[in-house]
There are 2 protein chains.
Amino acid sequence: MALATNSPVRQKDIAREANVSVMTVSKVVRGCADVAPATRRKILARIKELNYRPHFVARSLVSGRTFTIGLVIPDLMYSFFAEISKSIAKVIRPLGYELVICNSEEDSKLEGEEIDRLLARQVDGLILASAQSPSLGDVINRVQAANVPFVLIDRRDPDLRTDFVGVNNKAIGQLATTHLIECGCRRIAHIFGLNLSPGPGRRAGYVDALAKHKIPVPDSYLIGAADDQSGYEATKRLLALDPRPDAIFGYNDPIAAGAIKAVLEAGFRIPEDIKVIGVGNVHYSDLLRVPLSTIDQSSTLIGEHAANIIVQAIGSKVKRRPRVVVLEPLLIVRESTAARSK
Amino acid sequence: MALATNSPVRQKDIAREANVSVMTVSKVVRGCADVAPATRRKILARIKELNYRPHFVARSLVSGRTFTIGLVIPDLMYSFFAEISKSIAKVIRPLGYELVICNSEEDSKLEGEEIDRLLARQVDGLILASAQSPSLGDVINRVQAANVPFVLIDRRDPDLRTDFVGVNNKAIGQLATTHLIECGCRRIAHIFGLNLSPGPGRRAGYVDALAKHKIPVPDSYLIGAADDQSGYEATKRLLALDPRPDAIFGYNDPIAAGAIKAVLEAGFRIPEDIKVIGVGNVHYSDLLRVPLSTIDQSSTLIGEHAANIIVQAIGSKVKRRPRVVVLEPLLIVRESTAARSK
DNA sequence: CTGAAAGCGCTAACAC
DNA sequence: GTGTTAGCGCTTTCAG
């Protein structure tokens, strides 16, 4: 025992110690059947003794596979993306893959660089929640040129026929808005998000639901924000309008949480005076000043689907037709849109 | 132009196209000076034309460096760790490193496997927020045997002389508890966390502060929890005690948020009847039912320090003495411990 | 300034 | 069952 506290142990070392060739060691390491039991035992003993670990890089060089999947997301701090990352990892880990996560920080230039780096690192596949706007074309071209399978998540370029996993954003907008209408609200404002695929989709659903119920709203009820802070600011502006909105549909939960803060600060009650709904069903929605009604977009499922698709794409040598998974959203009613008896 | 839509381009291809040897291409790629300007230009043109990208794996095999750093954390969903991940990435990215993040899910067996995998992948360094308990010894031994630099973060084994970056947890416990005492509370309960280094540290600070002010509390005021849900449950049990606590110090913000929920549900007011304080200053603390007073543990700084240390350790061939960075916590007072005029 | 030789650690493919 | 040969794409070393 003892020894081997330092310096990498190679198959060559095992081979020498066990009086066999490197090839035989390699076979044992990979679990090939055609090795004599006695030899195998001897080699395994040395492997354990010297604490040998196969050299992943060397193996990758010859096999052409790194068992690495790259994930590019706007921000790990959004629990939506953290949850997706986690669920992807959970699927691919047992298959021997590791995940390299890159923050693009909603910056399309940075995103491009990260993707290039991941390609240079020979990732076997790529999962992208792109910050590119309005078109993903450039990046996608480079990825395709590198012949690396990829899946788009959350944010989609409708012009591109690629694998995609996401939510039906229009349905989200419709669901949220219709819910508010059914709650009796008629002056429904929407704080929309970034100009990426989920943003316009939710907005379209909002507009659509209003139209369907023949409820007109002033343009001033549509206003943009990026996070809880700007959602808070945006809401202050909404509250100054005349007539004042009686409901606010936030692009996501953080924005809606900011809205709640602004509404309460202004002295209005939720849900009595103003109802608020968000999207995402983030973990803490239930703990907010007013427990937040929201639309669940099943982040975990998105990750699982994306992971399964990419793994399958890596495995298949033939060109597959693009797989598109669009999940249906789910309304979750909490106190912020509750029907309150006075 | 055109072509090269597929198949990897190698230096060999560039060399052939440019009528030079592979060596010269390699030199240009690496930016060596000893290449004739004309040759360099010619080669660069081909590189761009064929969209050549250096093969990271091959490069790693010969250089012995992967420019990859492994990060093992309990859960990416804890915003504390997400924030650390993000700040680490921000530091190492410009230096050419990529981060591989692994969730250990607070499972020491899984953690060990992940570390082994990262070692097999030849990571240049490792940053660990270990779930091992009570001692990190085993894992650390393996990492040291592999001769890979590593930094412990957040969770420490006091017996081990290793690089470490974290917060002064005892000071956190003292700060929180002393603050509650100064608010006039005398029946201060503590919901402690997992039995890892931060848990006992904070608890010790709590006990210490109470002792210093000669405030006795019944054993029943000390109770454990793991997340917001169990924090909620734990608080319900605390509220059933006689005498009822007039303050609750939660191990972290999620637990404290769960406590707030339970307290309000039971019909008590915060901060008038019961004050609550957490730790972590998570992003949404301000948006909770009652804005949560908390102790900031500067997650971003932890990540930055850890990143700097690991990069330095990777760079230096000599054995350095362990660097230990213990950050001092900061009290942030919000409404949950505010002195309210009746 | 340019290039030929050797090899990083490992594994296909094929002999023995 | 076992070992030999060749080579993955790149860089280090050293000749030209």
# chains A, B, ... in the order shown; residues from 1 in each chain; ligands from 1
call {"tool": "closest_atom_pairs", "arguments": {"of": "chain C", "to": "chain B", "cutoff": "8 Å", "atoms": "only C-alpha atoms (C1' of nucleotides)", "output": "CSV"}}
result
residue,atom,partner,partner_atom,distance
C:DC1,C1',B:Val35,CA,6.0
C:DT2,C1',B:Thr24,CA,7.1
C:DG3,C1',B:Ser21,CA,6.4
C:DC8,C1',B:Val62,CA,4.4
C:DG9,C1',B:Leu61,CA,7.7
call {"tool": "write_last_selection", "arguments": {"atoms": "N, CA and C atoms (P, O5', C5', C4', C3', O3' and C1' of nucleotides)", "output": "PDB file, in the first residue's frame"}}
result
ATOM      1  P    DC C   1      11.960  37.109 -38.962  1.00  0.00           P
ATOM      2  O5'  DC C   1      11.936  35.893 -40.007  1.00  0.00           O
ATOM      3  C5'  DC C   1      10.791  35.072 -40.014  1.00  0.00           C
ATOM      4  C4'  DC C   1      11.310  33.753 -40.505  1.00  0.00           C
ATOM      5  C3'  DC C   1      10.239  32.653 -40.473  1.00  0.00           C
ATOM      6  O3'  DC C   1       9.843  32.441 -41.806  1.00  0.00           O
ATOM      7  C1'  DC C   1      12.381  31.832 -39.844  1.00  0.00           C
ATOM      8  P    DT C   2       8.536  31.632 -42.124  1.00  0.00           P
ATOM      9  O5'  DT C   2       9.014  30.121 -42.013  1.00  0.00           O
ATOM     10  C5'  DT C   2       9.731  29.543 -43.102  1.00  0.00           C
ATOM     11  C4'  DT C   2      10.170  28.154 -42.724  1.00  0.00           C
ATOM     12  C3'  DT C   2       9.021  27.184 -42.442  1.00  0.00           C
ATOM     13  O3'  DT C   2       8.929  26.306 -43.549  1.00  0.00           O
ATOM     14  C1'  DT C   2      10.861  26.900 -40.932  1.00  0.00           C
ATOM     15  P    DG C   3       7.789  25.161 -43.553  1.00  0.00           P
ATOM     16  O5'  DG C   3       8.542  23.960 -42.843  1.00  0.00           O
ATOM     17  C5'  DG C   3       9.679  23.397 -43.474  1.00  0.00           C
ATOM     18  C4'  DG C   3      10.276  22.319 -42.589  1.00  0.00           C
ATOM     19  C3'  DG C   3       9.293  21.187 -42.268  1.00  0.00           C
ATOM     20  O3'  DG C   3       9.981  19.957 -42.424  1.00  0.00           O
ATOM     21  C1'  DG C   3      10.229  22.038 -40.265  1.00  0.00           C
ATOM     22  P    DC C   8       5.061  10.073 -23.840  1.00  0.00           P
ATOM     23  O5'  DC C   8       3.951  10.928 -23.096  1.00  0.00           O
ATOM     24  C5'  DC C   8       4.133  12.299 -22.753  1.00  0.00           C
ATOM     25  C4'  DC C   8       2.777  12.983 -22.773  1.00  0.00           C
ATOM     26  C3'  DC C   8       1.641  12.035 -22.428  1.00  0.00           C
ATOM     27  O3'  DC C   8       1.315  12.199 -21.042  1.00  0.00           O
ATOM     28  C1'  DC C   8       1.147  13.375 -24.400  1.00  0.00           C
ATOM     29  P    DG C   9       1.516  10.961 -20.040  1.00  0.00           P
ATOM     30  O5'  DG C   9       0.190  10.122 -20.231  1.00  0.00           O
ATOM     31  C5'  DG C   9      -1.066  10.685 -19.920  1.00  0.00           C
ATOM     32  C4'  DG C   9      -2.136   9.879 -20.596  1.00  0.00           C
ATOM     33  C3'  DG C   9      -2.115   8.388 -20.248  1.00  0.00           C
ATOM     34  O3'  DG C   9      -3.357   8.062 -19.637  1.00  0.00           O
ATOM     35  C1'  DG C   9      -2.272   8.732 -22.594  1.00  0.00           C
TER      36       DG C   9
END
call {"tool": "interface_residues", "arguments": {"of": "chain D", "to": "chain A", "cutoff": "12 Å", "atoms": "only C-alpha atoms (C1' of nucleotides)", "output": "PDB file with C-alpha atoms (C1' of nucleotides), in the first residue's frame"}}
result
ATOM      1  C1'  DG D   1      -6.137 -14.195 -24.413  1.00  0.00           C
ATOM      2  C1'  DT D   2      -2.575 -11.199 -25.422  1.00  0.00           C
ATOM      3  C1'  DG D   3       0.396  -7.870 -27.744  1.00  0.00           C
ATOM      4  C1'  DT D   4       1.790  -5.067 -31.803  1.00  0.00           C
ATOM      5  C1'  DT D   5       1.168  -1.224 -34.757  1.00  0.00           C
ATOM      6  C1'  DG D   7      -2.607   7.358 -34.696  1.00  0.00           C
ATOM      7  C1'  DC D   8      -6.229  10.959 -32.324  1.00  0.00           C
ATOM      8  C1'  DG D   9      -4.465  16.793 -32.869  1.00  0.00           C
ATOM      9  C1'  DC D  10      -1.460  19.147 -30.944  1.00  0.00           C
TER      10       DC D  10
END
call {"tool": "residues_around", "arguments": {"residues": "A:Asn195", "least_positions_apart": "4", "cutoff": "12 Å", "atoms": "only C-alpha atoms (C1' of nucleotides)", "output": "mmCIF file with C-alpha atoms, in the first residue's frame"}}
result
data_model
loop_
_atom_site.group_PDB
_atom_site.id
_atom_site.type_symbol
_atom_site.label_atom_id
_atom_site.label_comp_id
_atom_site.auth_asym_id
_atom_site.auth_seq_id
_atom_site.Cartn_x
_atom_site.Cartn_y
_atom_site.Cartn_z
ATOM 1 C CA GLU A 106 -28.085 38.540 -21.547
ATOM 2 C CA SER A 130 -30.076 32.385 -26.186
ATOM 3 C CA ALA A 131 -29.840 36.076 -25.503
ATOM 4 C CA GLN A 132 -29.490 36.750 -29.201
ATOM 5 C CA SER A 133 -31.971 39.135 -30.550
ATOM 6 C CA PRO A 134 -33.792 39.276 -32.713
ATOM 7 C CA SER A 135 -32.342 36.323 -34.587
ATOM 8 C CA ARG A 155 -36.155 31.243 -26.243
ATOM 9 C CA ARG A 156 -36.875 30.382 -29.778
ATOM 10 C CA ASP A 157 -36.297 31.719 -33.207
ATOM 11 C CA GLY A 199 -41.674 38.259 -23.964
ATOM 12 C CA PRO A 200 -43.606 38.900 -27.148
ATOM 13 C CA GLY A 201 -45.384 35.565 -26.781
ATOM 14 C CA ARG A 202 -46.801 36.370 -23.378
ATOM 15 C CA ARG A 203 -47.654 39.814 -24.531
ATOM 16 C CA GLY A 224 -41.463 47.059 -19.836
ATOM 17 C CA ALA A 225 -39.162 45.854 -17.075
ATOM 18 C CA ALA A 226 -36.264 43.486 -16.599
ATOM 19 C CA TYR A 251 -43.744 38.992 -17.257
#
call {"tool": "interface_residues", "arguments": {"of": "chain B", "to": "chain A", "cutoff": "6 Å", "atoms": "only C-alpha atoms", "output": "ChimeraX atom specification"}}
result
/B:5-6,53,55-56,77,82,100,120-121,145,147,287-289
call {"tool": "atom_distance", "arguments": {"atom1": "atom CA of B:Ala234", "atom2": "atom CA of B:Gln297"}}
result
23.7 Å
call {"tool": "residues_around", "arguments": {"residues": "stretch 298-313 of chain A", "least_positions_apart": "3", "cutoff": "9 Å", "atoms": "only C-alpha atoms (C1' of nucleotides)", "output": "JSON, numbers by chain"}}
result
{"A": [69, 80, 81, 83, 84, 85, 86, 87, 88, 89, 90, 91, 92, 95, 124, 125, 126, 127, 149, 150, 151, 152, 153, 154, 163, 164, 165, 166, 167, 280, 281, 316, 317, 318, 319, 320, 323, 325, 326, 327, 328, 329, 330]}
call {"tool": "write_last_selection", "arguments": {"atoms": "C-alpha atoms", "output": "PDB file, in the first residue's frame"}}
result
ATOM      1  CA  ILE A  69     -22.512  19.104 -22.648  1.00  0.00           C
ATOM      2  CA  PHE A  80     -35.752  29.383 -13.586  1.00  0.00           C
ATOM      3  CA  PHE A  81     -32.407  28.668 -15.172  1.00  0.00           C
ATOM      4  CA  GLU A  83     -33.692  24.757 -11.914  1.00  0.00           C
ATOM      5  CA  ILE A  84     -33.252  23.849 -15.537  1.00  0.00           C
ATOM      6  CA  SER A  85     -29.519  23.379 -15.019  1.00  0.00           C
ATOM      7  CA  LYS A  86     -30.147  21.119 -12.115  1.00  0.00           C
ATOM      8  CA  SER A  87     -32.614  18.941 -13.924  1.00  0.00           C
ATOM      9  CA  ILE A  88     -30.382  18.646 -16.966  1.00  0.00           C
ATOM     10  CA  ALA A  89     -27.497  17.580 -14.773  1.00  0.00           C
ATOM     11  CA  LYS A  90     -29.658  15.012 -13.080  1.00  0.00           C
ATOM     12  CA  VAL A  91     -30.523  13.387 -16.394  1.00  0.00           C
ATOM     13  CA  ILE A  92     -27.107  13.380 -18.010  1.00  0.00           C
ATOM     14  CA  LEU A  95     -25.019   8.652 -18.535  1.00  0.00           C
ATOM     15  CA  ASP A 124     -20.628  16.722 -27.491  1.00  0.00           C
ATOM     16  CA  GLY A 125     -23.755  18.852 -27.430  1.00  0.00           C
ATOM     17  CA  LEU A 126     -25.081  22.263 -26.596  1.00  0.00           C
ATOM     18  CA  ILE A 127     -28.191  23.519 -24.869  1.00  0.00           C
ATOM     19  CA  PRO A 149     -25.971  18.849 -31.892  1.00  0.00           C
ATOM     20  CA  PHE A 150     -27.835  21.550 -30.011  1.00  0.00           C
ATOM     21  CA  VAL A 151     -31.179  22.218 -28.427  1.00  0.00           C
ATOM     22  CA  LEU A 152     -32.744  25.611 -27.942  1.00  0.00           C
ATOM     23  CA  ILE A 153     -34.652  26.138 -24.734  1.00  0.00           C
ATOM     24  CA  ASP A 154     -37.026  28.789 -23.529  1.00  0.00           C
ATOM     25  CA  ASP A 163     -34.746  21.217 -31.702  1.00  0.00           C
ATOM     26  CA  PHE A 164     -36.589  23.279 -29.158  1.00  0.00           C
ATOM     27  CA  VAL A 165     -38.036  22.876 -25.690  1.00  0.00           C
ATOM     28  CA  GLY A 166     -40.085  25.576 -24.083  1.00  0.00           C
ATOM     29  CA  VAL A 167     -43.429  26.708 -22.889  1.00  0.00           C
ATOM     30  CA  GLY A 280     -42.564  31.072 -13.178  1.00  0.00           C
ATOM     31  CA  ASN A 281     -43.788  29.785  -9.868  1.00  0.00           C
ATOM     32  CA  SER A 316     -27.639   9.201 -33.471  1.00  0.00           C
ATOM     33  CA  LYS A 317     -25.367   9.600 -36.421  1.00  0.00           C
ATOM     34  CA  VAL A 318     -28.154  10.219 -38.888  1.00  0.00           C
ATOM     35  CA  LYS A 319     -29.878  13.552 -39.290  1.00  0.00           C
ATOM     36  CA  ARG A 320     -33.075  13.562 -37.311  1.00  0.00           C
ATOM     37  CA  ARG A 323     -38.012  17.840 -32.221  1.00  0.00           C
ATOM     38  CA  VAL A 325     -41.569  20.279 -27.303  1.00  0.00           C
ATOM     39  CA  VAL A 326     -43.948  23.002 -26.214  1.00  0.00           C
ATOM     40  CA  LEU A 327     -45.227  22.516 -22.698  1.00  0.00           C
ATOM     41  CA  GLU A 328     -48.576  23.828 -21.609  1.00  0.00           C
ATOM     42  CA  PRO A 329     -48.562  26.232 -18.671  1.00  0.00           C
ATOM     43  CA  LEU A 330     -50.509  25.791 -15.469  1.00  0.00           C
TER      44      LEU A 330
END
call {"tool": "atom_distance", "arguments": {"atom1": "atom CA of A:Leu210", "atom2": "atom CA of A:Leu264"}}
result
25.7 Å
call {"tool": "select_by_dssp", "arguments": {"residues": "stretch 184-223 of chain B", "states": "alpha helix (DSSP H)", "output": "ChimeraX atom specification"}}
result
/B:198-212
call {"tool": "atom_distance", "arguments": {"atom1": "atom CA of B:Ala18", "atom2": "atom CA of B:Ile43"}}
result
6.1 Å
call {"tool": "select_by_dssp", "arguments": {"residues": "stretch 10-113 of chain B", "states": "strand (DSSP E or B)", "output": "PyMOL selection string"}}
result
chain B and resi 68-73+98-103
